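Colleague: Next comes the structure file input21.tsv, holding TSV, C-alpha atoms.
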chain	number	residue	atom	x	y	z
A	24	MET	CA	33.83	-16.88	76.89
A	25	ALA	CA	35.14	-13.86	78.78
A	26	PRO	CA	33.05	-10.67	78.66
A	27	VAL	CA	35.58	-8.80	76.55
A	28	GLY	CA	35.78	-11.68	74.11
A	29	GLY	CA	32.01	-11.82	73.96
A	30	LYS	CA	31.79	-8.16	73.03
A	31	ARG	CA	34.39	-8.62	70.32
A	32	ALA	CA	32.54	-11.63	68.91
A	33	LYS	CA	29.24	-9.71	68.83
A	34	LYS	CA	30.94	-6.74	67.17
A	35	GLY	CA	32.36	-9.04	64.50
A	36	ILE	CA	28.90	-10.47	63.82
A	37	LEU	CA	27.39	-6.99	63.51
A	38	GLU	CA	30.12	-5.87	61.11
A	39	ARG	CA	29.53	-8.97	59.00
A	40	LEU	CA	25.77	-8.37	58.90
A	41	ASN	CA	26.31	-4.73	57.94
A	42	ALA	CA	28.68	-5.69	55.13
A	43	GLY	CA	26.14	-8.28	54.00
A	44	GLU	CA	23.53	-5.55	53.57
A	45	PHE	CA	25.84	-3.70	51.17
A	46	LEU	CA	26.48	-6.91	49.25
A	47	ARG	CA	22.75	-7.55	48.83
A	48	ALA	CA	22.27	-3.93	47.79
A	49	GLY	CA	24.56	-4.51	44.80
A	50	SER	CA	28.17	-4.00	45.89
A	51	ASN	CA	30.83	-5.76	43.84
A	52	VAL	CA	33.65	-5.01	46.30
A	53	MET	CA	33.91	-5.70	50.02
A	54	GLN	CA	36.56	-3.41	51.45
A	55	THR	CA	38.34	-4.44	54.63
A	56	PHE	CA	37.42	-2.27	57.60
A	57	THR	CA	41.03	-1.15	58.00
A	58	PHE	CA	40.61	2.60	57.61
A	59	TYR	CA	43.07	4.27	60.00
A	60	ALA	CA	44.15	0.82	61.23
A	61	SER	CA	47.87	1.52	61.10
A	62	GLU	CA	49.80	0.86	64.31
A	63	ASP	CA	50.41	4.55	65.00
A	64	LYS	CA	46.73	5.46	64.62
A	65	LEU	CA	45.55	2.63	66.87
A	66	GLU	CA	47.70	3.97	69.71
A	67	ASN	CA	46.91	7.62	69.00
A	68	ARG	CA	45.32	9.96	71.59
A	69	GLY	CA	45.10	7.45	74.38
A	70	ASN	CA	43.63	4.61	72.30
A	71	TYR	CA	45.83	1.66	73.16
A	72	VAL	CA	44.20	-0.87	70.86
A	73	ALA	CA	47.55	-1.54	69.22
A	74	GLU	CA	49.06	-2.44	72.59
A	75	LYS	CA	46.13	-4.52	73.91
A	76	ILE	CA	45.16	-6.35	70.72
A	77	SER	CA	47.80	-5.44	68.09
A	78	GLY	CA	47.24	-3.80	64.76
A	79	GLN	CA	47.96	-7.11	63.05
A	80	LYS	CA	44.98	-8.81	64.72
A	81	VAL	CA	42.69	-5.89	63.87
A	82	ASN	CA	43.70	-6.04	60.21
A	83	GLU	CA	43.44	-9.83	60.07
A	84	ALA	CA	39.95	-9.80	61.57
A	85	ALA	CA	38.86	-7.14	59.09
A	86	CYS	CA	40.08	-9.27	56.19
A	87	ASP	CA	38.30	-12.35	57.52
A	88	ILE	CA	34.98	-10.50	57.80
A	89	ALA	CA	35.31	-9.07	54.30
A	90	TRP	CA	36.08	-12.50	52.83
A	91	GLN	CA	33.18	-14.17	54.64
A	92	VAL	CA	30.74	-11.71	53.12
A	93	ALA	CA	32.38	-11.58	49.70
A	94	ASP	CA	32.18	-15.35	49.35
A	95	GLU	CA	28.42	-15.17	49.77
A	96	GLY	CA	28.06	-13.17	46.59
A	97	ASP	CA	31.22	-13.72	44.57
A	98	ALA	CA	32.43	-10.18	45.31
A	99	LEU	CA	36.01	-8.93	45.32
A	100	VAL	CA	37.90	-8.05	48.50
A	101	ALA	CA	40.04	-4.90	48.70
A	102	GLY	CA	42.53	-4.19	51.47
A	103	GLY	CA	42.78	-0.51	52.35
A	104	VAL	CA	45.34	1.83	53.94
A	105	SER	CA	44.87	5.52	54.72
A	106	GLN	CA	46.84	8.56	55.86
A	107	THR	CA	48.84	8.19	59.06
A	108	PRO	CA	49.49	10.24	62.20
A	109	SER	CA	53.18	9.68	61.51
A	110	TYR	CA	52.98	11.76	58.33
A	111	LEU	CA	51.04	14.57	60.00
A	112	SER	CA	53.69	14.63	62.72
A	113	CYS	CA	56.43	15.05	60.08
A	114	LYS	CA	57.98	11.60	60.55
A	115	SER	CA	60.35	10.40	57.83
A	116	GLU	CA	59.35	8.67	54.60
A	117	THR	CA	60.87	5.44	55.94
A	118	GLU	CA	58.81	5.59	59.13
A	119	VAL	CA	55.58	6.32	57.29
A	120	LYS	CA	56.13	3.59	54.72
A	121	LYS	CA	56.75	1.10	57.53
A	122	LYS	CA	53.16	1.63	58.71
A	123	PHE	CA	51.81	0.81	55.25
A	124	GLN	CA	54.11	-2.19	54.97
A	125	GLN	CA	52.76	-3.65	58.22
A	126	GLN	CA	49.22	-3.57	56.86
A	127	LEU	CA	50.30	-4.86	53.45
A	128	GLU	CA	51.82	-7.94	55.04
A	129	VAL	CA	48.42	-8.86	56.46
A	130	PHE	CA	46.66	-8.21	53.13
A	131	MET	CA	49.11	-10.48	51.35
A	132	LYS	CA	48.67	-13.18	53.98
A	133	LYS	CA	44.90	-12.95	53.54
A	134	ASN	CA	45.25	-12.78	49.74
A	135	VAL	CA	42.96	-9.83	49.04
A	136	ASP	CA	42.11	-9.24	45.39
A	137	PHE	CA	43.43	-5.69	45.14
A	138	LEU	CA	44.58	-2.77	47.28
A	139	ILE	CA	43.30	0.73	47.96
A	140	ALA	CA	45.26	3.71	49.27
A	141	GLU	CA	42.48	6.07	50.33
A	142	TYR	CA	41.76	9.23	52.28
A	143	PHE	CA	44.96	11.15	51.67
A	144	GLU	CA	45.04	14.92	52.13
A	145	HIS	CA	48.60	15.19	50.81
A	146	VAL	CA	49.64	13.64	47.52
A	147	GLU	CA	53.16	13.08	48.85
A	148	GLU	CA	51.92	10.58	51.43
A	149	ALA	CA	49.58	8.98	48.88
A	150	LEU	CA	52.58	8.39	46.61
A	151	TRP	CA	54.45	6.71	49.46
A	152	ALA	CA	51.47	4.42	50.04
A	153	VAL	CA	51.24	3.48	46.36
A	154	GLU	CA	54.97	2.79	46.21
A	155	VAL	CA	54.64	0.35	49.10
A	156	LEU	CA	51.46	-1.35	47.88
A	157	LYS	CA	52.53	-1.82	44.25
A	158	VAL	CA	55.37	-4.13	45.33
A	159	SER	CA	52.65	-6.70	46.05
A	160	GLY	CA	52.01	-7.16	42.35
A	161	LYS	CA	48.29	-6.65	42.93
A	162	PRO	CA	46.29	-3.82	41.32
A	163	VAL	CA	46.45	-0.59	43.33
A	164	ALA	CA	43.76	2.09	43.54
A	165	ALA	CA	44.59	5.50	45.02
A	166	THR	CA	42.00	8.04	46.12
A	167	MET	CA	42.48	11.40	47.78
A	168	CYS	CA	40.05	13.28	50.04
A	169	ILE	CA	40.44	16.52	48.09
A	170	GLY	CA	38.20	18.93	46.23
A	171	PRO	CA	38.79	21.07	43.14
A	172	GLU	CA	41.34	23.20	45.05
A	173	GLY	CA	43.71	20.24	45.32
A	174	ASP	CA	45.61	18.78	48.26
A	175	LEU	CA	46.49	20.65	51.45
A	176	HIS	CA	49.88	21.62	50.03
A	177	GLY	CA	48.20	23.20	47.02
A	178	VAL	CA	48.91	20.48	44.45
A	179	PRO	CA	46.08	20.62	41.84
A	180	PRO	CA	43.90	17.51	41.24
A	181	GLY	CA	45.26	16.97	37.74
A	182	GLU	CA	48.84	16.93	38.98
A	183	CYS	CA	47.88	14.62	41.87
A	184	ALA	CA	46.43	12.18	39.36
A	185	VAL	CA	49.53	12.25	37.17
A	186	ARG	CA	51.84	11.63	40.12
A	187	LEU	CA	49.73	8.74	41.41
A	188	VAL	CA	49.64	6.99	38.04
A	189	LYS	CA	53.37	7.45	37.54
A	190	ALA	CA	53.89	5.97	41.02
A	191	GLY	CA	52.05	2.81	39.99
A	192	ALA	CA	48.32	3.29	40.66
A	193	SER	CA	46.07	1.78	38.00
A	194	ILE	CA	42.91	3.34	39.46
A	195	ILE	CA	42.78	6.94	40.71
A	196	GLY	CA	40.11	9.24	42.06
A	197	VAL	CA	38.63	10.76	45.21
A	198	ASN	CA	36.87	9.60	48.34
A	199	CYS	CA	35.28	11.26	51.37
A	200	HIS	CA	35.32	14.96	52.47
A	201	PHE	CA	33.00	16.20	49.68
A	202	ASP	CA	29.57	15.51	48.23
A	203	PRO	CA	28.94	13.75	44.90
A	204	THR	CA	28.73	16.97	42.88
A	205	THR	CA	32.01	18.40	44.18
A	206	SER	CA	33.74	15.02	44.01
A	207	LEU	CA	32.88	14.56	40.35
A	208	GLN	CA	34.17	18.06	39.60
A	209	THR	CA	37.47	16.95	41.13
A	210	VAL	CA	37.55	13.67	39.21
A	211	LYS	CA	36.95	15.63	36.01
A	212	LEU	CA	40.04	17.74	36.77
A	213	MET	CA	42.03	14.56	37.45
A	214	LYS	CA	40.87	13.08	34.15
A	215	GLU	CA	41.90	16.24	32.29
A	216	GLY	CA	45.31	16.13	33.96
A	217	LEU	CA	45.86	12.54	32.84
A	218	GLU	CA	44.74	13.33	29.29
A	219	ALA	CA	47.12	16.28	29.09
A	220	ALA	CA	49.98	14.06	30.26
A	221	LYS	CA	48.89	11.28	27.87
A	222	LEU	CA	48.45	8.84	30.75
A	223	LYS	CA	45.68	6.32	31.26
A	224	ALA	CA	44.04	5.01	34.42
A	225	HIS	CA	40.65	3.85	35.56
A	226	LEU	CA	38.62	6.47	37.44
A	227	MET	CA	37.11	6.03	40.90
A	228	ALA	CA	34.68	8.06	43.03
A	229	GLN	CA	33.55	7.42	46.61
A	230	PRO	CA	32.02	10.70	47.81
A	231	LEU	CA	30.09	11.50	50.96
A	232	ALA	CA	26.35	10.96	51.13
A	233	TYR	CA	26.11	14.46	52.61
A	234	HIS	CA	25.56	17.72	50.72
A	235	THR	CA	28.57	19.99	51.25
A	236	PRO	CA	28.25	22.91	48.79
A	237	GLU	CA	29.82	25.49	51.10
A	238	CYS	CA	32.91	23.50	52.07
A	239	GLY	CA	36.43	24.72	51.39
A	240	LYS	CA	39.69	22.85	50.88
A	241	GLN	CA	39.29	20.49	53.88
A	242	GLY	CA	35.73	19.50	53.14
A	243	PHE	CA	33.07	18.43	55.61
A	244	ILE	CA	35.37	18.09	58.62
A	245	ASP	CA	35.33	21.92	58.70
A	246	LEU	CA	31.55	22.04	58.99
A	247	PRO	CA	30.31	23.00	62.49
A	248	GLU	CA	27.90	20.04	62.24
A	249	PHE	CA	30.75	17.53	61.94
A	250	PRO	CA	30.47	14.81	63.13
A	251	PHE	CA	27.25	14.60	65.21
A	252	GLY	CA	24.86	16.88	63.32
A	253	LEU	CA	25.21	15.84	59.69
A	254	GLU	CA	21.94	13.94	59.25
A	255	PRO	CA	20.01	16.89	57.74
A	256	ARG	CA	22.51	16.87	54.88
A	257	VAL	CA	22.01	13.22	53.86
A	258	ALA	CA	21.45	12.71	50.13
A	259	THR	CA	18.29	10.98	48.96
A	260	ARG	CA	18.43	7.81	46.88
A	261	TRP	CA	17.40	9.96	43.92
A	262	ASP	CA	20.39	12.26	44.46
A	263	ILE	CA	22.59	9.18	44.37
A	264	GLN	CA	21.02	7.77	41.22
A	265	LYS	CA	21.75	11.09	39.53
A	266	TYR	CA	25.33	10.95	40.83
A	267	ALA	CA	25.76	7.40	39.52
A	268	ARG	CA	24.64	8.38	36.04
A	269	GLU	CA	26.85	11.51	35.97
A	270	ALA	CA	29.83	9.50	37.21
A	271	TYR	CA	29.31	6.86	34.54
A	272	ASN	CA	28.97	9.49	31.82
A	273	LEU	CA	32.23	11.05	33.02
A	274	GLY	CA	33.99	7.73	32.52
A	275	VAL	CA	34.12	6.63	36.15
A	276	ARG	CA	33.78	2.87	36.46
A	277	TYR	CA	34.51	2.35	40.17
A	278	ILE	CA	31.43	4.08	41.57
A	279	GLY	CA	30.71	3.91	45.29
A	280	GLY	CA	30.41	5.95	48.43
A	281	CYS	CA	32.06	6.86	51.71
A	282	CYS	CA	30.75	8.42	54.95
A	283	GLY	CA	26.97	8.63	55.17
A	284	PHE	CA	26.35	5.98	52.53
A	285	GLU	CA	23.82	3.34	53.53
A	286	PRO	CA	22.86	0.16	51.67
A	287	TYR	CA	19.90	1.91	50.04
A	288	HIS	CA	22.33	4.42	48.51
A	289	ILE	CA	24.39	1.60	47.03
A	290	ARG	CA	21.18	-0.01	45.77
A	291	ALA	CA	20.34	3.29	44.06
A	292	ILE	CA	23.66	3.12	42.18
A	293	ALA	CA	23.09	-0.53	41.25
A	294	GLU	CA	19.56	0.18	39.99
A	295	GLU	CA	20.54	3.25	37.99
A	296	LEU	CA	23.36	1.35	36.29
A	297	ALA	CA	21.45	-1.91	35.84
A	298	PRO	CA	21.34	-1.49	32.02
A	299	GLU	CA	25.15	-1.25	31.94
A	300	ARG	CA	25.70	-4.00	34.51
A	301	GLY	CA	23.13	-6.30	32.93
A	302	PHE	CA	21.21	-7.10	36.12
A	303	LEU	CA	19.46	-5.64	39.15
A	304	PRO	CA	20.45	-6.34	42.77
A	305	PRO	CA	18.36	-8.95	44.64
A	306	ALA	CA	14.83	-7.95	45.72
A	307	SER	CA	14.64	-4.93	43.41
A	308	GLU	CA	11.32	-6.22	42.11
A	309	LYS	CA	9.79	-5.62	45.57
A	310	HIS	CA	9.87	-1.85	45.26
A	311	GLY	CA	10.88	-1.11	41.71
A	312	SER	CA	13.24	1.52	40.40
A	313	TRP	CA	12.29	5.20	40.51
A	314	GLY	CA	9.33	4.69	42.83
A	315	SER	CA	7.33	2.38	40.56
A	316	GLY	CA	6.53	0.30	43.64
A	317	LEU	CA	4.28	3.13	44.77
A	318	ASP	CA	1.67	2.26	42.15
A	319	MET	CA	-0.02	-0.02	44.70
A	320	HIS	CA	-0.19	2.59	47.47
A	321	THR	CA	-3.50	3.20	49.27
A	322	LYS	CA	-3.53	6.97	48.67
A	323	PRO	CA	-4.08	8.19	45.11
A	324	TRP	CA	-1.74	11.19	45.46
A	325	ILE	CA	1.04	8.79	46.48
A	326	ARG	CA	0.31	6.56	43.49
A	327	ALA	CA	0.73	9.67	41.33
A	328	ARG	CA	4.35	9.80	42.49
A	329	ALA	CA	5.17	6.42	40.95
A	330	ARG	CA	7.18	7.88	38.10
A	331	LYS	CA	10.76	8.90	37.47
A	332	GLU	CA	9.96	12.48	36.45
A	333	TYR	CA	8.34	13.28	39.80
A	334	TRP	CA	11.40	12.32	41.87
A	335	GLU	CA	13.90	13.79	39.42
A	336	ASN	CA	12.27	17.22	39.58
A	337	LEU	CA	11.25	17.36	43.24
A	338	ARG	CA	12.74	20.26	45.22
A	339	ILE	CA	13.13	18.66	48.63
A	340	ALA	CA	12.28	20.73	51.72
A	341	SER	CA	14.38	20.44	54.88
A	342	GLY	CA	11.48	20.89	57.30
A	343	ARG	CA	13.67	23.10	59.54
A	344	PRO	CA	12.18	26.61	59.33
A	345	TYR	CA	14.59	28.28	61.76
A	346	ASN	CA	17.79	26.78	60.38
A	347	PRO	CA	20.05	28.21	57.67
A	348	SER	CA	20.43	26.33	54.41
A	349	MET	CA	24.22	26.34	54.78
A	350	SER	CA	26.85	26.83	57.48
A	351	LYS	CA	30.09	28.73	57.89
A	352	PRO	CA	32.93	26.17	57.82
A	353	ASP	CA	35.76	26.34	60.36
A	354	ALA	CA	38.73	27.44	58.26
A	355	TRP	CA	41.62	26.73	60.63
A	356	GLY	CA	44.04	26.11	57.79
A	357	VAL	CA	46.09	23.50	59.65
A	358	THR	CA	48.06	20.84	57.81
A	359	LYS	CA	51.23	18.78	58.11
A	360	GLY	CA	53.66	20.50	60.47
A	361	THR	CA	51.11	22.68	62.30
A	362	ALA	CA	51.62	22.48	66.06
A	363	GLU	CA	48.02	21.57	66.89
A	364	LEU	CA	48.08	18.76	64.36
A	365	LYS	CA	51.07	16.99	65.84
A	366	GLN	CA	49.85	13.58	66.97
A	367	GLN	CA	50.43	12.20	70.48
A	368	LYS	CA	49.85	8.90	72.28
A	369	GLU	CA	48.64	10.55	75.48
A	370	ALA	CA	44.97	11.44	75.85
A	371	THR	CA	44.12	15.09	75.19
A	372	THR	CA	44.40	17.08	78.42
A	373	ASP	CA	41.79	19.49	79.80
A	374	GLN	CA	44.23	22.34	79.21
A	375	GLN	CA	44.67	21.37	75.56
A	376	LEU	CA	40.90	21.21	75.10
A	377	LYS	CA	40.54	24.64	76.71
A	378	GLU	CA	43.16	26.11	74.37
A	379	LEU	CA	41.45	24.58	71.33
A	380	SER	CA	38.08	25.89	72.47
A	381	GLU	CA	39.46	29.41	72.84
A	382	LYS	CA	41.02	29.25	69.39
A	383	GLN	CA	37.73	28.05	67.92
A	384	LYS	CA	35.89	31.01	69.47
A	385	PHE	CA	38.49	33.40	68.08
A	386	ILE	CA	38.29	31.98	64.56
A	387	SER	CA	34.49	31.91	64.60
A	388	ALA	CA	34.43	35.57	65.55
A	389	GLN	CA	36.49	36.60	62.52
If you took the structure in this file and wrote it as structure tokens, what would it be?
Modeller:
Amino acid sequence: MAPVGGKRAKKGILERLNAGEFLRAGSNVMQTFTFYASEDKLENRGNYVAEKISGQKVNEAACDIAWQVADEGDALVAGGVSQTPSYLSCKSETEVKKKFQQQLEVFMKKNVDFLIAEYFEHVEEALWAVEVLKVSGKPVAATMCIGPEGDLHGVPPGECAVRLVKAGASIIGVNCHFDPTTSLQTVKLMKEGLEAAKLKAHLMAQPLAYHTPECGKQGFIDLPEFPFGLEPRVATRWDIQKYAREAYNLGVRYIGGCCGFEPYHIRAIAEELAPERGFLPPASEKHGSWGSGLDMHTKPWIRARARKEYWENLRIASGRPYNPSMSKPDAWGVTKGTAELKQQKEATTDQQLKELSEKQKFISAQ
């Protein structure tokens, strides 16, 4: 096998093993790794994957991996599309929909169970995605990466939800950009919007596993720590169990996670909702829910922590004495149509990077 082929084969194995960990942790859905896998994104900013391999092959391989893992545990497979560079560059509705259609053709060929339109900053583009996906006849879920302020054009969460349901989505909610607390606030607003319009849909939440209390409309991508310094913000498994219970009480039934979520976070959801699901994920008896596995620890003060109340009430320290508790987000305020956001196939030039760096310094000084 050629070296390049060997690397691809190893990468496929690693992706399959990683997905398997989420399955064993309690996941009911294996989502295809097709986030930003539209043809225009794969050739964006000097990344010529679409030309060398083709977007079709990338999407097909992602479906195959998801099915291999799903079949091990009788899970569902969901094919996913996300926002496109074409939309951000103000391309026409026809051009944008063509990108979704190309991915949908692969999902239909691979016979996924349902479809997800996720990570949309603008409800207009999310509607276009739903309109394309619903033609398949399969159930369509639509999630936006927005907070309580609404999409980047100022459309409130409740109105976003109403538009998505009217377009054909049977599941609506949020994913990415914000932490569990903020995400559930947004889902609540979506739910209220649907109730006011006398519409019904299932609710879905896939927040970050990072705490983002200071974030504005664009969420964690505005944080100065994004993307290489986010680890100090990672939620504990106990944070996630609390999120799972609050989500369930709100009426959310598709409960998961996005960036930062690890298998142990998914296991926390599965364990918290075991009474509702009727079972625990495999190997839960090895450590027990809420720290009960600590009752066999060598140290007596650790054994004293083997109870739910201890972990629920613990105020967790960061261990970083010289660091602030929160950051000042970069509020550039760019969205569809902004010059800097226009997508290009060519790699970013040194001059462009210099100009962006100067703008960042100027904004930070304000």
Colleague: Skipping near chain neighbours, those fewer than 6 positions away, what residues fall within 10 Å of Ile194 of chain A using all atoms listed in the file, listed as a PyMOL selection string?
Modeller: chain A and resi 139+162-166+184+187-188+223-227+275-277
Colleague: For Val146 of chain A, which of A:Glu332, A:Gly49, A:Lys359, A:Asn134 is the closest residue, counting all atoms listed in the file?
Modeller: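 Among the listed residues, A:Lys359 lies closest to Val146 of chain A.
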Colleague: Please report as JSON lines every residue of segment 305-379 of chain A lying within 9 Å of segment 100-116 of chain A, along with the nearest atom pair and their distance in Å (one decimal), using all atoms listed in the file.
Modeller:
{"residue": "A:Thr358", "atom": "CA", "partner": "A:Leu111", "partner_atom": "CA", "distance": 7.3}
{"residue": "A:Lys359", "atom": "CA", "partner": "A:Leu111", "partner_atom": "CA", "distance": 4.6}
{"residue": "A:Gly360", "atom": "CA", "partner": "A:Cys113", "partner_atom": "CA", "distance": 6.1}
{"residue": "A:Thr361", "atom": "CA", "partner": "A:Leu111", "partner_atom": "CA", "distance": 8.4}
{"residue": "A:Ala362", "atom": "CA", "partner": "A:Ser112", "partner_atom": "CA", "distance": 8.8}
{"residue": "A:Leu364", "atom": "CA", "partner": "A:Leu111", "partner_atom": "CA", "distance": 6.7}
{"residue": "A:Lys365", "atom": "CA", "partner": "A:Ser112", "partner_atom": "CA", "distance": 4.7}
{"residue": "A:Gln366", "atom": "CA", "partner": "A:Ser112", "partner_atom": "CA", "distance": 5.8}
{"residue": "A:Gln367", "atom": "CA", "partner": "A:Pro108", "partner_atom": "CA", "distance": 8.6}
Colleague: Quick one: residues within 12 Å of segment 315-331 of chain A, only C-alpha atoms, excluding same-chain residues fewer than 6 positions away - as JSON, numbers by chain?
Modeller: {"A": [261, 264, 265, 295, 306, 307, 308, 309, 337]}
Colleague: Mind checking which residues fall within 8 Å of Val92 of chain A, counting all atoms listed in the file, ignoring those fewer than 5 positions away in the same chain, and posting them as a list in words?
Modeller: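 With the cut-off at 8 Å, the set is Arg39, Ala42, Gly43, Leu46 and Met53 of chain A.
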Colleague: Take the selection from the previous step and output its residues with C-alpha atoms, as a JSON list (two decimals), in the frame of the given file.
Modeller:
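As written to disk, again_13.json reads:
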[["chain", "number", "residue", "atom", "x", "y", "z"],
["A", 39, "ARG", "CA", 29.53, -8.97, 59.00],
["A", 42, "ALA", "CA", 28.68, -5.69, 55.13],
["A", 43, "GLY", "CA", 26.14, -8.28, 54.00],
["A", 46, "LEU", "CA", 26.48, -6.91, 49.25],
["A", 53, "MET", "CA", 33.91, -5.70, 50.02]]
Colleague: Could you pull the residues within 10 Å of segment 338-346 of chain A, counting all atoms listed in the file, minus those fewer than 5 positions along the same chain, as a VMD selection string?
Modeller: chain A and resid 255 to 256 259 333
Colleague: Provide the atom CA of Glu237 of chain A to atom CA of Thr209 of chain A distance in Å, to one decimal place.
Modeller: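 Between atom CA of Glu237 of chain A and atom CA of Thr209 of chain A the gap works out to 15.2 Å.
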Colleague: Residues at most 12 Å from Tyr59 of chain A, counting all atoms listed in the file, excluding those fewer than 2 positions away in the same chain, as a PyMOL selection string?
Modeller: chain A and resi 55-57+61-67+73+78+81-82+103-109+122-123+126+140-143
Colleague: What is the atom CA of Arg260 of chain A-atom CA of Tyr287 of chain A distance in Å, reported with one decimal?
Modeller: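 Straight-line distance from atom CA of Arg260 of chain A to atom CA of Tyr287 of chain A works out to 6.9 Å.
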Colleague: Between atom CA of Pro352 of chain A and atom CA of Asp245 of chain A, what is the distance in Å, rounded to a tenth?
Modeller: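 Between atom CA of Pro352 of chain A and atom CA of Asp245 of chain A the gap is 5.0 Å.
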Colleague: Complete the atom set of segment 349-362 of chain A to N, CA, C and O atoms and return it as a PDB file, in the coordinates of the input.
Modeller:
ATOM      1  N   MET A 349      22.813  26.720  54.763  1.00  0.00           N
ATOM      2  CA  MET A 349      24.220  26.340  54.780  1.00  0.00           C
ATOM      3  C   MET A 349      24.893  26.894  56.022  1.00  0.00           C
ATOM      4  O   MET A 349      24.332  27.730  56.727  1.00  0.00           O
ATOM      5  N   SER A 350      26.112  26.423  56.295  1.00  0.00           N
ATOM      6  CA  SER A 350      26.850  26.830  57.480  1.00  0.00           C
ATOM      7  C   SER A 350      28.148  27.529  57.099  1.00  0.00           C
ATOM      8  O   SER A 350      28.574  27.500  55.941  1.00  0.00           O
ATOM      9  N   LYS A 351      28.776  28.131  58.084  1.00  0.00           N
ATOM     10  CA  LYS A 351      30.090  28.730  57.890  1.00  0.00           C
ATOM     11  C   LYS A 351      31.149  27.738  58.354  1.00  0.00           C
ATOM     12  O   LYS A 351      31.269  27.459  59.542  1.00  0.00           O
ATOM     13  N   PRO A 352      31.910  27.161  57.433  1.00  0.00           N
ATOM     14  CA  PRO A 352      32.930  26.170  57.820  1.00  0.00           C
ATOM     15  C   PRO A 352      34.023  26.762  58.691  1.00  0.00           C
ATOM     16  O   PRO A 352      34.336  27.956  58.588  1.00  0.00           O
ATOM     17  N   ASP A 353      34.601  25.937  59.559  1.00  0.00           N
ATOM     18  CA  ASP A 353      35.760  26.340  60.360  1.00  0.00           C
ATOM     19  C   ASP A 353      36.996  26.278  59.471  1.00  0.00           C
ATOM     20  O   ASP A 353      37.412  25.189  59.082  1.00  0.00           O
ATOM     21  N   ALA A 354      37.560  27.402  59.149  1.00  0.00           N
ATOM     22  CA  ALA A 354      38.730  27.440  58.260  1.00  0.00           C
ATOM     23  C   ALA A 354      39.994  27.657  59.075  1.00  0.00           C
ATOM     24  O   ALA A 354      40.576  28.739  59.081  1.00  0.00           O
ATOM     25  N   TRP A 355      40.431  26.611  59.782  1.00  0.00           N
ATOM     26  CA  TRP A 355      41.620  26.730  60.630  1.00  0.00           C
ATOM     27  C   TRP A 355      42.902  26.744  59.811  1.00  0.00           C
ATOM     28  O   TRP A 355      43.910  27.278  60.234  1.00  0.00           O
ATOM     29  N   GLY A 356      42.870  26.108  58.658  1.00  0.00           N
ATOM     30  CA  GLY A 356      44.040  26.110  57.790  1.00  0.00           C
ATOM     31  C   GLY A 356      45.232  25.322  58.305  1.00  0.00           C
ATOM     32  O   GLY A 356      46.375  25.623  57.976  1.00  0.00           O
ATOM     33  N   VAL A 357      44.982  24.294  59.129  1.00  0.00           N
ATOM     34  CA  VAL A 357      46.090  23.500  59.650  1.00  0.00           C
ATOM     35  C   VAL A 357      46.391  22.335  58.717  1.00  0.00           C
ATOM     36  O   VAL A 357      45.498  21.774  58.092  1.00  0.00           O
ATOM     37  N   THR A 358      47.647  21.987  58.615  1.00  0.00           N
ATOM     38  CA  THR A 358      48.060  20.840  57.810  1.00  0.00           C
ATOM     39  C   THR A 358      49.362  20.293  58.382  1.00  0.00           C
ATOM     40  O   THR A 358      49.792  20.694  59.472  1.00  0.00           O
ATOM     41  N   LYS A 359      50.006  19.416  57.650  1.00  0.00           N
ATOM     42  CA  LYS A 359      51.230  18.780  58.110  1.00  0.00           C
ATOM     43  C   LYS A 359      52.218  19.816  58.646  1.00  0.00           C
ATOM     44  O   LYS A 359      52.517  20.801  57.994  1.00  0.00           O
ATOM     45  N   GLY A 360      52.689  19.598  59.879  1.00  0.00           N
ATOM     46  CA  GLY A 360      53.660  20.500  60.470  1.00  0.00           C
ATOM     47  C   GLY A 360      53.080  21.527  61.418  1.00  0.00           C
ATOM     48  O   GLY A 360      53.808  22.129  62.208  1.00  0.00           O
ATOM     49  N   THR A 361      51.751  21.734  61.379  1.00  0.00           N
ATOM     50  CA  THR A 361      51.110  22.680  62.300  1.00  0.00           C
ATOM     51  C   THR A 361      51.148  22.108  63.712  1.00  0.00           C
ATOM     52  O   THR A 361      50.878  20.923  63.914  1.00  0.00           O
ATOM     53  N   ALA A 362      51.441  22.947  64.677  1.00  0.00           N
ATOM     54  CA  ALA A 362      51.620  22.480  66.060  1.00  0.00           C
ATOM     55  C   ALA A 362      50.427  21.705  66.584  1.00  0.00           C
ATOM     56  O   ALA A 362      50.570  20.630  67.176  1.00  0.00           O
TER      57      ALA A 362
END
